[in-house]
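Containing JSON, C-alpha atoms: work.json.
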```json
[["chain", "number", "residue", "atom", "x", "y", "z"],
["A", 131, "MET", "CA", -13.62, 125.24, -55.30],
["A", 132, "SER", "CA", -15.20, 122.92, -57.89],
["A", 133, "LEU", "CA", -13.94, 119.51, -58.99],
["A", 134, "ALA", "CA", -13.56, 120.67, -62.56],
["A", 135, "SER", "CA", -10.76, 122.96, -61.73],
["A", 136, "GLY", "CA", -8.43, 119.98, -61.11],
["A", 137, "SER", "CA", -7.16, 121.41, -57.91],
["A", 138, "SER", "CA", -5.44, 119.01, -55.49],
["A", 139, "THR", "CA", -6.86, 120.75, -52.51],
["A", 140, "ARG", "CA", -8.28, 118.15, -50.14],
["A", 141, "PRO", "CA", -11.67, 118.57, -48.65],
["A", 142, "LYS", "CA", -11.64, 119.93, -45.18],
["A", 143, "ALA", "CA", -12.62, 117.43, -42.51],
["A", 144, "PRO", "CA", -15.58, 118.21, -40.40],
["A", 145, "GLU", "CA", -14.92, 119.86, -37.09],
["A", 146, "GLY", "CA", -13.99, 117.45, -34.28],
["A", 147, "LEU", "CA", -12.50, 114.83, -36.64],
["A", 148, "LYS", "CA", -8.86, 114.42, -37.68],
["A", 149, "THR", "CA", -7.51, 113.16, -40.92],
["A", 150, "ALA", "CA", -5.40, 110.00, -41.13],
["A", 151, "GLU", "CA", -2.17, 111.98, -41.30],
["A", 152, "GLU", "CA", -3.15, 114.11, -38.34],
["A", 153, "ARG", "CA", -3.90, 110.95, -36.28],
["A", 154, "LYS", "CA", -0.40, 109.54, -36.89],
["A", 155, "THR", "CA", 2.22, 109.80, -34.16],
["A", 156, "PRO", "CA", 5.58, 111.46, -34.79],
["A", 157, "GLU", "CA", 7.26, 108.02, -34.95],
["A", 158, "GLU", "CA", 4.88, 106.84, -37.65],
["A", 159, "LEU", "CA", 5.61, 109.95, -39.70],
["A", 160, "LYS", "CA", 9.30, 108.93, -40.02],
["A", 161, "ALA", "CA", 10.60, 107.75, -43.34],
["A", 162, "PRO", "CA", 10.16, 104.00, -44.04],
["A", 163, "GLU", "CA", 13.89, 103.59, -44.51],
["A", 164, "GLU", "CA", 14.50, 104.99, -41.06],
["A", 165, "LEU", "CA", 12.15, 102.42, -39.54],
["A", 166, "SER", "CA", 13.42, 99.44, -41.49],
["A", 167, "ALA", "CA", 17.16, 99.99, -41.09],
["A", 168, "PRO", "CA", 18.29, 99.60, -37.48],
["A", 169, "THR", "CA", 21.01, 101.89, -36.31],
["A", 170, "ALA", "CA", 24.31, 100.66, -34.96],
["A", 171, "ALA", "CA", 23.50, 101.92, -31.48],
["A", 172, "THR", "CA", 20.23, 100.01, -31.28],
["A", 173, "PRO", "CA", 20.82, 96.51, -29.82],
["A", 174, "SER", "CA", 19.27, 93.58, -31.57],
["A", 175, "ALA", "CA", 16.95, 91.05, -29.95],
["A", 176, "SER", "CA", 19.76, 88.53, -29.64],
["A", 177, "THR", "CA", 21.90, 90.94, -27.68],
["A", 178, "GLU", "CA", 19.10, 91.88, -25.30],
["A", 179, "GLU", "CA", 18.47, 88.30, -24.05],
["A", 180, "PRO", "CA", 21.71, 87.86, -22.02],
["A", 181, "ALA", "CA", 21.06, 91.20, -20.32],
["A", 182, "ALA", "CA", 17.68, 89.85, -19.18],
["A", 183, "VAL", "CA", 19.08, 86.45, -18.15],
["A", 184, "LEU", "CA", 22.11, 87.81, -16.28],
["A", 185, "PRO", "CA", 20.27, 89.11, -13.17],
["A", 186, "ILE", "CA", 18.44, 85.78, -12.88],
["A", 187, "ALA", "CA", 21.72, 83.86, -13.08],
["A", 188, "LEU", "CA", 23.29, 86.03, -10.44],
["A", 189, "THR", "CA", 20.49, 85.29, -8.01],
["A", 190, "GLY", "CA", 21.34, 81.54, -7.94],
["A", 191, "PRO", "CA", 24.30, 81.63, -5.49],
["A", 192, "ARG", "CA", 22.49, 84.17, -3.36],
["A", 193, "ARG", "CA", 19.50, 81.88, -3.06],
["A", 194, "GLN", "CA", 21.79, 78.97, -2.18],
["A", 195, "ARG", "CA", 23.50, 81.01, 0.52],
["A", 196, "ALA", "CA", 20.10, 82.08, 1.81],
["A", 197, "SER", "CA", 18.97, 78.43, 2.01],
["A", 198, "VAL", "CA", 22.17, 77.25, 3.73],
["A", 199, "LEU", "CA", 22.01, 79.86, 6.48],
["A", 200, "PRO", "CA", 18.79, 78.52, 8.08],
["A", 201, "ARG", "CA", 20.28, 75.01, 8.10],
["A", 202, "ILE", "CA", 23.36, 76.23, 9.93],
["A", 203, "LEU", "CA", 21.23, 78.10, 12.44],
["A", 204, "ARG", "CA", 19.06, 75.01, 13.04],
["A", 205, "ALA", "CA", 22.15, 72.85, 13.54],
["A", 206, "VAL", "CA", 23.62, 75.32, 16.03],
["A", 207, "LEU", "CA", 20.31, 75.56, 17.88],
["A", 208, "THR", "CA", 19.97, 71.77, 18.00],
["A", 209, "GLY", "CA", 23.51, 71.35, 19.33],
["A", 210, "ALA", "CA", 22.96, 74.03, 21.96],
["A", 211, "THR", "CA", 19.70, 72.43, 23.06],
["A", 212, "ARG", "CA", 21.28, 69.00, 23.41],
["A", 213, "SER", "CA", 24.24, 70.33, 25.38],
["A", 214, "VAL", "CA", 22.21, 72.34, 27.90],
["A", 215, "ALA", "CA", 21.86, 69.42, 30.31],
["A", 216, "ILE", "CA", 25.57, 68.59, 30.15],
["A", 217, "VAL", "CA", 26.55, 72.21, 30.71],
["A", 218, "ALA", "CA", 24.15, 72.43, 33.67],
["A", 219, "LEU", "CA", 25.64, 69.29, 35.20],
["A", 220, "LEU", "CA", 29.21, 70.56, 34.86],
["A", 221, "LEU", "CA", 28.22, 73.94, 36.27],
["A", 222, "ALA", "CA", 26.58, 72.31, 39.29],
["A", 223, "TRP", "CA", 29.64, 70.09, 39.71],
["A", 224, "GLU", "CA", 31.87, 73.16, 39.74],
["A", 225, "LEU", "CA", 29.78, 75.33, 42.07],
["A", 226, "ALA", "CA", 28.49, 72.79, 44.60],
["A", 227, "PRO", "CA", 31.91, 72.02, 46.17],
["A", 228, "ARG", "CA", 32.95, 75.68, 46.11],
["A", 229, "PHE", "CA", 29.85, 76.83, 47.98],
["A", 230, "GLY", "CA", 30.15, 74.03, 50.55],
["A", 231, "LEU", "CA", 27.08, 72.10, 49.41],
["A", 232, "VAL", "CA", 29.22, 68.94, 49.25],
["A", 233, "ASP", "CA", 32.56, 68.03, 50.75],
["A", 234, "ARG", "CA", 35.17, 68.98, 48.15],
["A", 235, "THR", "CA", 37.51, 66.35, 49.59],
["A", 236, "PHE", "CA", 35.33, 63.61, 48.10],
["A", 237, "LEU", "CA", 33.86, 65.62, 45.22],
["A", 238, "PRO", "CA", 36.37, 68.22, 44.01],
["A", 239, "PRO", "CA", 35.27, 70.95, 41.57],
["A", 240, "PHE", "CA", 35.22, 70.03, 37.92],
["A", 241, "SER", "CA", 38.09, 72.40, 37.18],
["A", 242, "GLU", "CA", 40.36, 70.39, 39.49],
["A", 243, "VAL", "CA", 39.25, 67.17, 37.79],
["A", 244, "ALA", "CA", 40.05, 68.74, 34.40],
["A", 245, "ASP", "CA", 43.52, 69.71, 35.65],
["A", 246, "ALA", "CA", 44.09, 66.16, 36.88],
["A", 247, "TRP", "CA", 42.88, 64.77, 33.57],
["A", 248, "TRP", "CA", 45.31, 66.97, 31.67],
["A", 249, "GLY", "CA", 48.11, 65.87, 33.97],
["A", 250, "LEU", "CA", 47.34, 62.21, 33.21],
["A", 251, "VAL", "CA", 47.37, 63.01, 29.51],
["A", 252, "ALA", "CA", 50.70, 64.83, 29.80],
["A", 253, "ASN", "CA", 52.51, 62.01, 31.62],
["A", 254, "GLY", "CA", 51.03, 59.32, 29.34],
["A", 255, "GLN", "CA", 49.19, 57.35, 32.02],
["A", 256, "LEU", "CA", 45.75, 58.03, 30.57],
["A", 257, "ALA", "CA", 46.71, 56.96, 27.07],
["A", 258, "ASP", "CA", 48.34, 53.71, 28.25],
["A", 259, "ASN", "CA", 45.43, 52.71, 30.47],
["A", 260, "ALA", "CA", 42.80, 53.71, 27.91],
["A", 261, "GLN", "CA", 44.57, 51.70, 25.21],
["A", 262, "ALA", "CA", 44.64, 48.60, 27.41],
["A", 263, "SER", "CA", 40.92, 48.93, 28.16],
["A", 264, "LEU", "CA", 39.91, 49.60, 24.57],
["A", 265, "VAL", "CA", 41.82, 46.59, 23.25],
["A", 266, "ARG", "CA", 40.11, 44.29, 25.75],
["A", 267, "SER", "CA", 36.68, 45.83, 25.30],
["A", 268, "PHE", "CA", 36.71, 45.88, 21.49],
["A", 269, "SER", "CA", 38.13, 42.37, 21.31],
["A", 270, "GLY", "CA", 35.39, 40.91, 23.49],
["A", 271, "PHE", "CA", 32.72, 43.00, 21.80],
["A", 272, "GLY", "CA", 33.82, 41.93, 18.32],
["A", 273, "ILE", "CA", 33.85, 38.24, 19.26],
["A", 274, "ALA", "CA", 30.37, 38.58, 20.77],
["A", 275, "VAL", "CA", 28.99, 40.20, 17.61],
["A", 276, "ALA", "CA", 30.62, 37.61, 15.35],
["A", 277, "VAL", "CA", 29.12, 34.73, 17.35],
["A", 278, "SER", "CA", 25.76, 36.07, 18.53],
["A", 279, "VAL", "CA", 24.41, 37.58, 15.31],
["A", 280, "PRO", "CA", 24.65, 34.39, 13.18],
["A", 281, "LEU", "CA", 23.43, 32.26, 16.08],
["A", 282, "GLY", "CA", 20.50, 34.60, 16.69],
["A", 283, "LEU", "CA", 19.55, 34.55, 13.00],
["A", 284, "LEU", "CA", 19.67, 30.76, 13.03],
["A", 285, "ILE", "CA", 17.58, 30.42, 16.18],
["A", 286, "GLY", "CA", 15.05, 33.00, 15.02],
["A", 287, "TRP", "CA", 14.69, 31.46, 11.54],
["A", 288, "TYR", "CA", 14.34, 27.82, 12.61],
["A", 289, "ARG", "CA", 11.67, 27.32, 15.23],
["A", 290, "PRO", "CA", 12.81, 23.79, 16.35],
["A", 291, "VAL", "CA", 16.27, 25.16, 17.22],
["A", 292, "ALA", "CA", 14.66, 27.93, 19.27],
["A", 293, "ASP", "CA", 12.45, 25.49, 21.17],
["A", 294, "LEU", "CA", 15.48, 23.34, 21.96],
["A", 295, "LEU", "CA", 17.83, 26.10, 23.17],
["A", 296, "ASN", "CA", 15.42, 28.59, 24.70],
["A", 297, "PRO", "CA", 15.38, 27.16, 28.29],
["A", 298, "LEU", "CA", 19.18, 27.08, 28.43],
["A", 299, "LEU", "CA", 19.48, 30.59, 27.02],
["A", 300, "GLN", "CA", 17.05, 31.93, 29.62],
["A", 301, "VAL", "CA", 19.23, 30.51, 32.40],
["A", 302, "PHE", "CA", 22.36, 32.25, 31.12],
["A", 303, "LEU", "CA", 20.50, 35.47, 30.39],
["A", 304, "ASN", "CA", 19.40, 35.80, 34.00],
["A", 305, "THR", "CA", 22.87, 35.06, 35.39],
["A", 306, "ALA", "CA", 24.78, 38.29, 35.92],
["A", 307, "ALA", "CA", 28.17, 38.48, 34.28],
["A", 308, "LEU", "CA", 29.83, 40.04, 37.32],
["A", 309, "ALA", "CA", 28.55, 37.17, 39.46],
["A", 310, "LEU", "CA", 30.58, 34.81, 37.27],
["A", 311, "LEU", "CA", 33.73, 36.94, 37.39],
["A", 312, "PRO", "CA", 35.37, 34.81, 40.13],
["A", 313, "VAL", "CA", 34.62, 31.72, 38.05],
["A", 314, "PHE", "CA", 36.33, 33.20, 35.00],
["A", 315, "VAL", "CA", 39.34, 34.20, 37.12],
["A", 316, "LEU", "CA", 39.61, 30.71, 38.62],
["A", 317, "LEU", "CA", 39.30, 28.95, 35.28],
["A", 318, "LEU", "CA", 41.27, 31.35, 33.04],
["A", 319, "GLY", "CA", 43.55, 33.19, 35.48],
["A", 320, "ILE", "CA", 43.95, 36.92, 35.97],
["A", 321, "GLY", "CA", 45.45, 37.62, 32.54],
["A", 322, "GLU", "CA", 43.90, 39.01, 29.39],
["A", 323, "THR", "CA", 41.94, 35.86, 28.58],
["A", 324, "SER", "CA", 39.64, 36.09, 31.58],
["A", 325, "LYS", "CA", 38.91, 39.79, 31.02],
["A", 326, "ILE", "CA", 38.10, 39.36, 27.33],
["A", 327, "SER", "CA", 36.00, 36.28, 28.11],
["A", 328, "ILE", "CA", 33.84, 38.09, 30.67],
["A", 329, "VAL", "CA", 33.24, 40.85, 28.10],
["A", 330, "VAL", "CA", 32.22, 38.27, 25.49],
["A", 331, "TYR", "CA", 29.81, 36.66, 27.95],
["A", 332, "ALA", "CA", 28.24, 39.96, 28.97],
["A", 333, "CYS", "CA", 27.84, 41.23, 25.39],
["A", 334, "ALA", "CA", 26.55, 38.02, 23.83],
["A", 335, "TRP", "CA", 23.09, 37.95, 25.42],
["A", 336, "PRO", "CA", 21.74, 41.38, 24.42],
["A", 337, "ILE", "CA", 22.87, 40.80, 20.84],
["A", 338, "LEU", "CA", 21.55, 37.25, 20.71],
["A", 339, "PHE", "CA", 18.06, 37.92, 22.04],
["A", 340, "ASN", "CA", 17.58, 41.10, 20.03],
["A", 341, "THR", "CA", 18.59, 39.22, 16.88],
["A", 342, "ILE", "CA", 16.11, 36.44, 17.62],
["A", 343, "SER", "CA", 13.38, 39.00, 18.23],
["A", 344, "ALA", "CA", 14.27, 40.85, 15.03],
["A", 345, "VAL", "CA", 13.85, 37.76, 12.86],
["A", 346, "ARG", "CA", 10.57, 36.73, 14.48],
["A", 347, "THR", "CA", 8.99, 40.19, 14.23],
["A", 348, "VAL", "CA", 9.52, 40.78, 10.50],
["A", 349, "ASP", "CA", 6.39, 42.22, 8.89],
["A", 350, "PRO", "CA", 4.26, 39.27, 7.67],
["A", 351, "THR", "CA", 3.13, 41.33, 4.68],
["A", 352, "LEU", "CA", 6.72, 41.49, 3.43],
["A", 353, "LEU", "CA", 7.05, 37.73, 3.79],
["A", 354, "ARG", "CA", 3.83, 37.08, 1.85],
["A", 355, "LEU", "CA", 4.90, 39.43, -0.92],
["A", 356, "ALA", "CA", 8.30, 37.79, -1.15],
["A", 357, "LYS", "CA", 6.80, 34.29, -1.22],
["A", 358, "SER", "CA", 4.36, 35.36, -3.95],
["A", 359, "MET", "CA", 7.41, 36.16, -6.10],
["A", 360, "ASP", "CA", 8.64, 32.56, -5.68],
["A", 361, "LEU", "CA", 11.86, 33.56, -3.92],
["A", 362, "SER", "CA", 13.97, 30.73, -2.63],
["A", 363, "ALA", "CA", 14.67, 30.45, 1.09],
["A", 364, "PRO", "CA", 18.24, 31.85, 0.84],
["A", 365, "ARG", "CA", 17.06, 34.78, -1.33],
["A", 366, "LEU", "CA", 14.13, 35.43, 1.01],
["A", 367, "PHE", "CA", 16.52, 35.55, 3.94],
["A", 368, "GLN", "CA", 18.98, 37.81, 2.10],
["A", 369, "LYS", "CA", 16.50, 40.26, 0.56],
["A", 370, "VAL", "CA", 13.77, 40.46, 3.23],
["A", 371, "ILE", "CA", 14.65, 38.95, 6.61],
["A", 372, "LEU", "CA", 18.15, 40.35, 7.05],
["A", 373, "PRO", "CA", 17.46, 43.98, 5.93],
["A", 374, "ALA", "CA", 14.28, 44.15, 8.04],
["A", 375, "SER", "CA", 16.16, 42.85, 11.09],
["A", 376, "VAL", "CA", 18.98, 45.41, 11.02],
["A", 377, "PRO", "CA", 17.38, 48.08, 13.30],
["A", 378, "THR", "CA", 16.50, 45.64, 16.09],
["A", 379, "ILE", "CA", 19.84, 43.87, 15.81],
["A", 380, "PHE", "CA", 21.66, 47.17, 16.23],
["A", 381, "THR", "CA", 19.62, 47.92, 19.32],
["A", 382, "GLY", "CA", 21.17, 44.85, 20.91],
["A", 383, "ILE", "CA", 24.61, 45.76, 19.58],
["A", 384, "ARG", "CA", 24.40, 49.23, 21.13],
["A", 385, "LEU", "CA", 23.33, 47.75, 24.46],
["A", 386, "ALA", "CA", 26.25, 45.34, 24.26],
["A", 387, "GLY", "CA", 28.64, 48.21, 23.53],
["A", 388, "ALA", "CA", 27.68, 49.91, 26.79],
["A", 389, "VAL", "CA", 27.84, 46.63, 28.71],
["A", 390, "SER", "CA", 31.30, 45.84, 27.36],
["A", 391, "ILE", "CA", 32.82, 48.94, 28.95],
["A", 392, "VAL", "CA", 30.99, 48.62, 32.27],
["A", 393, "VAL", "CA", 31.86, 44.97, 32.78],
["A", 394, "LEU", "CA", 35.46, 45.47, 31.71],
["A", 395, "VAL", "CA", 36.02, 48.27, 34.22],
["A", 396, "ALA", "CA", 34.69, 46.02, 36.98],
["A", 397, "ALA", "CA", 36.95, 43.19, 35.81],
["A", 398, "GLU", "CA", 40.00, 45.46, 35.69],
["A", 399, "MET", "CA", 39.49, 46.41, 39.33],
["A", 400, "ILE", "CA", 40.33, 42.80, 40.22],
["A", 401, "GLY", "CA", 43.79, 41.59, 39.37],
["A", 402, "ALA", "CA", 44.81, 44.03, 36.61],
["A", 403, "LYS", "CA", 47.96, 46.10, 36.14],
["A", 404, "ALA", "CA", 46.64, 48.42, 33.44],
["A", 405, "GLY", "CA", 43.35, 49.78, 32.24],
["A", 406, "LEU", "CA", 40.90, 52.50, 33.19],
["A", 407, "GLY", "CA", 39.40, 50.30, 35.89],
["A", 408, "TYR", "CA", 42.85, 49.79, 37.36],
["A", 409, "LEU", "CA", 43.50, 53.56, 37.18],
["A", 410, "ILE", "CA", 40.28, 54.33, 39.06],
["A", 411, "ASN", "CA", 40.92, 51.69, 41.69],
["A", 412, "ALA", "CA", 44.55, 52.73, 42.24],
["A", 413, "SER", "CA", 43.58, 56.40, 42.50],
["A", 414, "GLN", "CA", 41.02, 55.53, 45.13],
["A", 415, "TYR", "CA", 43.55, 53.60, 47.22],
["A", 416, "ASN", "CA", 46.06, 56.47, 46.94],
["A", 417, "PHE", "CA", 43.34, 59.01, 47.76],
["A", 418, "ALA", "CA", 44.00, 60.81, 44.46],
["A", 419, "ILE", "CA", 40.35, 61.75, 44.10],
["A", 420, "PRO", "CA", 40.69, 64.13, 41.09],
["A", 421, "GLN", "CA", 42.53, 61.41, 39.13],
["A", 422, "MET", "CA", 39.80, 58.95, 40.05],
["A", 423, "TYR", "CA", 37.11, 61.22, 38.64],
["A", 424, "ALA", "CA", 39.27, 61.88, 35.58],
["A", 425, "GLY", "CA", 39.23, 58.16, 34.84],
["A", 426, "ILE", "CA", 35.45, 58.02, 35.32],
["A", 427, "VAL", "CA", 34.93, 60.95, 32.93],
["A", 428, "THR", "CA", 37.16, 59.28, 30.36],
["A", 429, "ILE", "CA", 35.06, 56.12, 30.50],
["A", 430, "SER", "CA", 31.89, 58.15, 29.99],
["A", 431, "VAL", "CA", 33.34, 59.97, 26.98],
["A", 432, "ILE", "CA", 34.50, 56.71, 25.41],
["A", 433, "GLY", "CA", 31.07, 55.17, 25.94],
["A", 434, "VAL", "CA", 29.26, 58.10, 24.31],
["A", 435, "ALA", "CA", 31.66, 58.15, 21.35],
["A", 436, "PHE", "CA", 31.33, 54.40, 20.84],
["A", 437, "ASN", "CA", 27.54, 54.63, 20.92],
["A", 438, "GLN", "CA", 27.54, 57.43, 18.33],
["A", 439, "LEU", "CA", 29.78, 55.35, 16.09],
["A", 440, "LEU", "CA", 27.31, 52.46, 16.26],
["A", 441, "VAL", "CA", 24.41, 54.82, 15.53],
["A", 442, "SER", "CA", 26.21, 56.06, 12.40],
["A", 443, "VAL", "CA", 26.83, 52.50, 11.20],
["A", 444, "GLU", "CA", 23.18, 51.64, 11.84],
["A", 445, "LYS", "CA", 21.97, 54.61, 9.79],
["A", 446, "ARG", "CA", 24.23, 53.62, 6.92],
["A", 447, "LEU", "CA", 23.07, 50.00, 6.90],
["A", 448, "SER", "CA", 19.38, 50.91, 7.24],
["A", 449, "SER", "CA", 19.35, 53.86, 4.83],
["A", 450, "TRP", "CA", 16.54, 52.16, 2.86],
["A", 451, "ARG", "CA", 14.06, 52.89, 5.65],
["A", 452, "VAL", "CA", 11.60, 55.72, 5.13],
["A", 453, "PRO", "CA", 12.07, 58.28, 7.94],
["A", 454, "ALA", "CA", 9.07, 58.77, 10.19],
["A", 455, "THR", "CA", 7.17, 61.98, 9.63],
["A", 456, "SER", "CA", 5.94, 64.03, 12.54]]
```
Rewritten as structure tokens:
Amino acid sequence: MSLASGSSTRPKAPEGLKTAEERKTPEELKAPEELSAPTAATPSASTEEPAAVLPIALTGPRRQRASVLPRILRAVLTGATRSVAIVALLLAWELAPRFGLVDRTFLPPFSEVADAWWGLVANGQLADNAQASLVRSFSGFGIAVAVSVPLGLLIGWYRPVADLLNPLLQVFLNTAALALLPVFVLLLGIGETSKISIVVYACAWPILFNTISAVRTVDPTLLRLAKSMDLSAPRLFQKVILPASVPTIFTGIRLAGAVSIVVLVAAEMIGAKAGLGYLINASQYNFAIPQMYAGIVTISVIGVAFNQLLVSVEKRLSSWRVPATS
């Protein structure tokens, strides 16, 4: 058909090619008003965001629970590993007398010792004797700490004082506390004073010498840095010397804690009417062997608990230290 006829018929596209309308998708062929006006059922962009965020928010507690579980398992595994040796010892203690490997008259099974221990708890003897021992031990230990730590800091900080007192301190250090027990009894009697005094004497030396060593072995680099900041002697001692000395000082304090119980038990076996040492000695004389071992076990438990308490205090006071990496 010619152009002069005015016909609106469009020219036919060559074969293999599509017109613009034929290339449009069905969605594009919709009316413009249908595309521009959103329907009520279609959610807007603002309403779609919480739906996308919600699954992420819900995964937070799950991730926390997943991270806590390995920690619990590690703690259980660590506790089981540390208790294997104790369990093995108690098992050997129980089985050896029963199978005749040792004479159960002198080493009864652990179950019999546990029964005797519970009997002492029930009749109040264990509590009374343990209280008497703890009061003596903690009193002597506290006096030793209060005296030895300041004296050790003074001796370690001032070299002339150390040179003057060192020979005398070496003499007392190498004199066993139990060797002087008869002297303390003769001078102070068999009452509480002599027992607390022997504990003070035994605990003072580990604390004193560890404190002196702590002050003298402070990192020289820290001292040079502190002096470069023009710190006064009291501030240098407070900010550098004392914090750096805490770990070594607590090593001596922990040693003294163990010594305080051992020495006290030995002192209570001589001229005492109460205490764990008296309980052990009296049980031996009466041939109450299970009660004797019950007293020994109680002393061991108290010693371990006291040491763990000191370790916790040490960690709190030396929390500034960077933990060593493996």
Nearby residues (all atoms listed in the file) at most 10 Å from Pro312 in chain A, same-chain spacing under 5 positions excluded, as a ChimeraX atom specification: /A:307,317-320,324,397,400
At most 12 Å from (46.3, 68.0, 37.0), file frame, only C-alpha atoms: which residues, as number ranges by chain? A: 240-253, 256, 418-424
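Closest to Leu221 in chain A among A:Arg354, A:Thr323, A:Ala404, A:Pro239 is A:Pro239, based on all atoms listed in the file.
Taking CA of Asn437 in chain A and CA of Leu298 in chain A as the two end points, the separation is 29.8 Å.
The residue set within 12 Å of Phe436 in chain A, counting only C-alpha atoms and dropping same-chain residues fewer than 4 places from it, reads Leu264, Ser267, Phe268, Phe271, Ile383, Arg384, Leu385, Ala386, Gly387, Ala388, Val389, Ser390, Ile391, Ile429, Ser430, Val431, Ile432, Leu440, Val441, Ser442 and Val443 of chain A.
Proximity to Leu303 in chain A was assessed for A:Ala334, A:Ile216, A:Leu281, A:Ile328 counting all atoms listed in the file; the smallest distance is recorded for A:Ala334.
CA of Leu225 in chain A is found 19.4 Å from CA of Ile426 in chain A.
Distance-wise, CA of Val348 in chain A and CA of Lys369 in chain A end up 12.2 Å apart.
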